Amino acid sequence: MAREIDEAWIEQAVERYRRIDAMLAEFDKAVRRVEVTVRSPDGLVEVLVTADGTIRDVRINGELQGRGSAELSRSIREAVTAAGDAASWAREKLHAETFNEYRPLA
């Protein structure tokens, strides 16, 4: 028995795929534009990161007098870790906003 081809369904599926593909391209552009700034808990280090995880800038705030290399290293590590977390948060938020009308298949 031959199966009938539902051309309208196929056209709808192709259009949906094209729409999602275009949205994904916009999402990829947006994650490179969205920036988040985080600071180490002591305020010494500030990191500017994009939602795709690219570190755009690192700033040392204040004076380093009296601070050892271990303290500076800890501040940098904490700020970079926070930047990674912030990038993930921004990417997830942007993804939810971009694809909110599409439910997961699983």
# chains A, B, ... in the order shown; residues from 1 in each chain; ligands from 1

call {"tool": "select_by_dssp", "arguments": {"residues": "chain A", "states": "strand (DSSP E or B)", "output": "PyMOL selection string"}}
result
chain A and resi 35-39+45-50+55-60

call {"tool": "write_last_selection", "arguments": {"atoms": "N, CA and C atoms", "output": "PDB file, in the first residue's frame"}}
result
ATOM      1  N   GLU A  35      26.878  41.764  26.922  1.00  0.00           N
ATOM      2  CA  GLU A  35      28.012  41.826  27.842  1.00  0.00           C
ATOM      3  C   GLU A  35      27.528  41.901  29.287  1.00  0.00           C
ATOM      4  N   VAL A  36      28.309  41.272  30.155  1.00  0.00           N
ATOM      5  CA  VAL A  36      28.029  41.274  31.587  1.00  0.00           C
ATOM      6  C   VAL A  36      29.330  41.631  32.299  1.00  0.00           C
ATOM      7  N   THR A  37      29.228  42.489  33.302  1.00  0.00           N
ATOM      8  CA  THR A  37      30.395  42.850  34.100  1.00  0.00           C
ATOM      9  C   THR A  37      30.237  42.249  35.490  1.00  0.00           C
ATOM     10  N   VAL A  38      31.292  41.585  35.958  1.00  0.00           N
ATOM     11  CA  VAL A  38      31.289  41.002  37.307  1.00  0.00           C
ATOM     12  C   VAL A  38      32.551  41.456  38.035  1.00  0.00           C
ATOM     13  N   ARG A  39      32.494  41.371  39.357  1.00  0.00           N
ATOM     14  CA  ARG A  39      33.631  41.760  40.189  1.00  0.00           C
ATOM     15  C   ARG A  39      33.968  40.635  41.152  1.00  0.00           C
ATOM     16  N   VAL A  45      39.050  43.040  41.363  1.00  0.00           N
ATOM     17  CA  VAL A  45      39.119  42.687  39.944  1.00  0.00           C
ATOM     18  C   VAL A  45      37.731  42.769  39.330  1.00  0.00           C
ATOM     19  N   GLU A  46      37.681  43.353  38.132  1.00  0.00           N
ATOM     20  CA  GLU A  46      36.429  43.472  37.382  1.00  0.00           C
ATOM     21  C   GLU A  46      36.652  42.830  36.014  1.00  0.00           C
ATOM     22  N   VAL A  47      35.690  41.989  35.598  1.00  0.00           N
ATOM     23  CA  VAL A  47      35.803  41.288  34.320  1.00  0.00           C
ATOM     24  C   VAL A  47      34.559  41.588  33.491  1.00  0.00           C
ATOM     25  N   LEU A  48      34.783  41.951  32.220  1.00  0.00           N
ATOM     26  CA  LEU A  48      33.710  42.152  31.258  1.00  0.00           C
ATOM     27  C   LEU A  48      33.707  40.929  30.351  1.00  0.00           C
ATOM     28  N   VAL A  49      32.572  40.224  30.315  1.00  0.00           N
ATOM     29  CA  VAL A  49      32.466  38.978  29.555  1.00  0.00           C
ATOM     30  C   VAL A  49      31.216  39.022  28.681  1.00  0.00           C
ATOM     31  N   THR A  50      31.285  38.404  27.512  1.00  0.00           N
ATOM     32  CA  THR A  50      30.100  38.296  26.656  1.00  0.00           C
ATOM     33  C   THR A  50      29.369  37.006  27.001  1.00  0.00           C
ATOM     34  N   ILE A  55      36.055  36.788  27.302  1.00  0.00           N
ATOM     35  CA  ILE A  55      36.437  37.854  28.226  1.00  0.00           C
ATOM     36  C   ILE A  55      36.920  39.030  27.391  1.00  0.00           C
ATOM     37  N   ARG A  56      36.222  40.160  27.511  1.00  0.00           N
ATOM     38  CA  ARG A  56      36.552  41.354  26.719  1.00  0.00           C
ATOM     39  C   ARG A  56      37.508  42.292  27.446  1.00  0.00           C
ATOM     40  N   ASP A  57      37.445  42.276  28.787  1.00  0.00           N
ATOM     41  CA  ASP A  57      38.304  43.199  29.529  1.00  0.00           C
ATOM     42  C   ASP A  57      38.475  42.697  30.952  1.00  0.00           C
ATOM     43  N   VAL A  58      39.629  42.989  31.521  1.00  0.00           N
ATOM     44  CA  VAL A  58      39.916  42.706  32.934  1.00  0.00           C
ATOM     45  C   VAL A  58      40.519  43.979  33.500  1.00  0.00           C
ATOM     46  N   ARG A  59      39.942  44.439  34.605  1.00  0.00           N
ATOM     47  CA  ARG A  59      40.444  45.666  35.238  1.00  0.00           C
ATOM     48  C   ARG A  59      40.798  45.381  36.693  1.00  0.00           C
ATOM     49  N   ILE A  60      41.846  46.011  37.116  1.00  0.00           N
ATOM     50  CA  ILE A  60      42.227  45.973  38.526  1.00  0.00           C
ATOM     51  C   ILE A  60      41.785  47.307  39.105  1.00  0.00           C
TER      52      ILE A  60
END

call {"tool": "select_by_dssp", "arguments": {"residues": "stretch 27-93 of chain A", "states": "helix (DSSP H, G or I)", "output": "PyMOL selection string"}}
result
chain A and resi 27-33+69-93

call {"tool": "atom_distance", "arguments": {"atom1": "atom CA of A:Lys93", "atom2": "atom CA of A:Leu44"}}
result
27.5 Å

call {"tool": "residues_around", "arguments": {"residues": "stretch 14-16 of chain A", "least_positions_apart": "6", "cutoff": "12 Å", "atoms": "only C-alpha atoms", "output": "list in words"}}
result
Glu7, Ala8, Ala22, Met23, Glu101 and Tyr102 of chain A

call {"tool": "write_last_selection", "arguments": {"atoms": "N, CA and C atoms", "output": "PDB file, in the first residue's frame"}}
result
ATOM      1  N   GLU A   7       1.907  17.173   1.465  1.00  0.00           N
ATOM      2  CA  GLU A   7       2.793  18.258   1.044  1.00  0.00           C
ATOM      3  C   GLU A   7       2.643  19.506   1.916  1.00  0.00           C
ATOM      4  N   ALA A   8       1.446  19.769   2.378  1.00  0.00           N
ATOM      5  CA  ALA A   8       1.234  20.943   3.244  1.00  0.00           C
ATOM      6  C   ALA A   8       2.009  20.769   4.543  1.00  0.00           C
ATOM      7  N   ALA A  22      16.920  30.674  11.293  1.00  0.00           N
ATOM      8  CA  ALA A  22      17.139  32.127  11.313  1.00  0.00           C
ATOM      9  C   ALA A  22      17.238  32.635  12.754  1.00  0.00           C
ATOM     10  N   MET A  23      16.398  32.102  13.629  1.00  0.00           N
ATOM     11  CA  MET A  23      16.444  32.514  15.035  1.00  0.00           C
ATOM     12  C   MET A  23      17.766  32.089  15.660  1.00  0.00           C
ATOM     13  N   GLU A 101       8.857  30.213  22.433  1.00  0.00           N
ATOM     14  CA  GLU A 101       7.655  29.595  21.848  1.00  0.00           C
ATOM     15  C   GLU A 101       7.885  28.142  21.424  1.00  0.00           C
ATOM     16  N   TYR A 102       9.140  27.690  21.474  1.00  0.00           N
ATOM     17  CA  TYR A 102       9.445  26.322  21.074  1.00  0.00           C
ATOM     18  C   TYR A 102       9.729  25.466  22.304  1.00  0.00           C
TER      19      TYR A 102
END

call {"tool": "atom_distance", "arguments": {"atom1": "atom CA of A:Glu71", "atom2": "atom CA of A:Asp85"}}
result
21.2 Å

call {"tool": "residues_around", "arguments": {"residues": "stretch 25-32 of chain A", "least_positions_apart": "5", "cutoff": "7 Å", "atoms": "only C-alpha atoms", "output": "JSON, numbers by chain"}}
result
{"A": [50, 51, 52, 91, 98]}

call {"tool": "closest_residue", "arguments": {"among": "A:Arg3, A:Tyr17, A:Gly43, A:Leu94", "to": "A:Glu78", "atoms": "only C-alpha atoms"}}
result
A:Gly43

call {"tool": "atom_distance", "arguments": {"atom1": "atom CA of A:Ala82", "atom2": "atom CA of A:Gly53"}}
result
11.0 Å

call {"tool": "closest_residue", "arguments": {"among": "A:Ala90, A:Glu4, A:Asp42, A:Thr54", "to": "A:Arg77", "atoms": "only C-alpha atoms"}}
result
A:Asp42
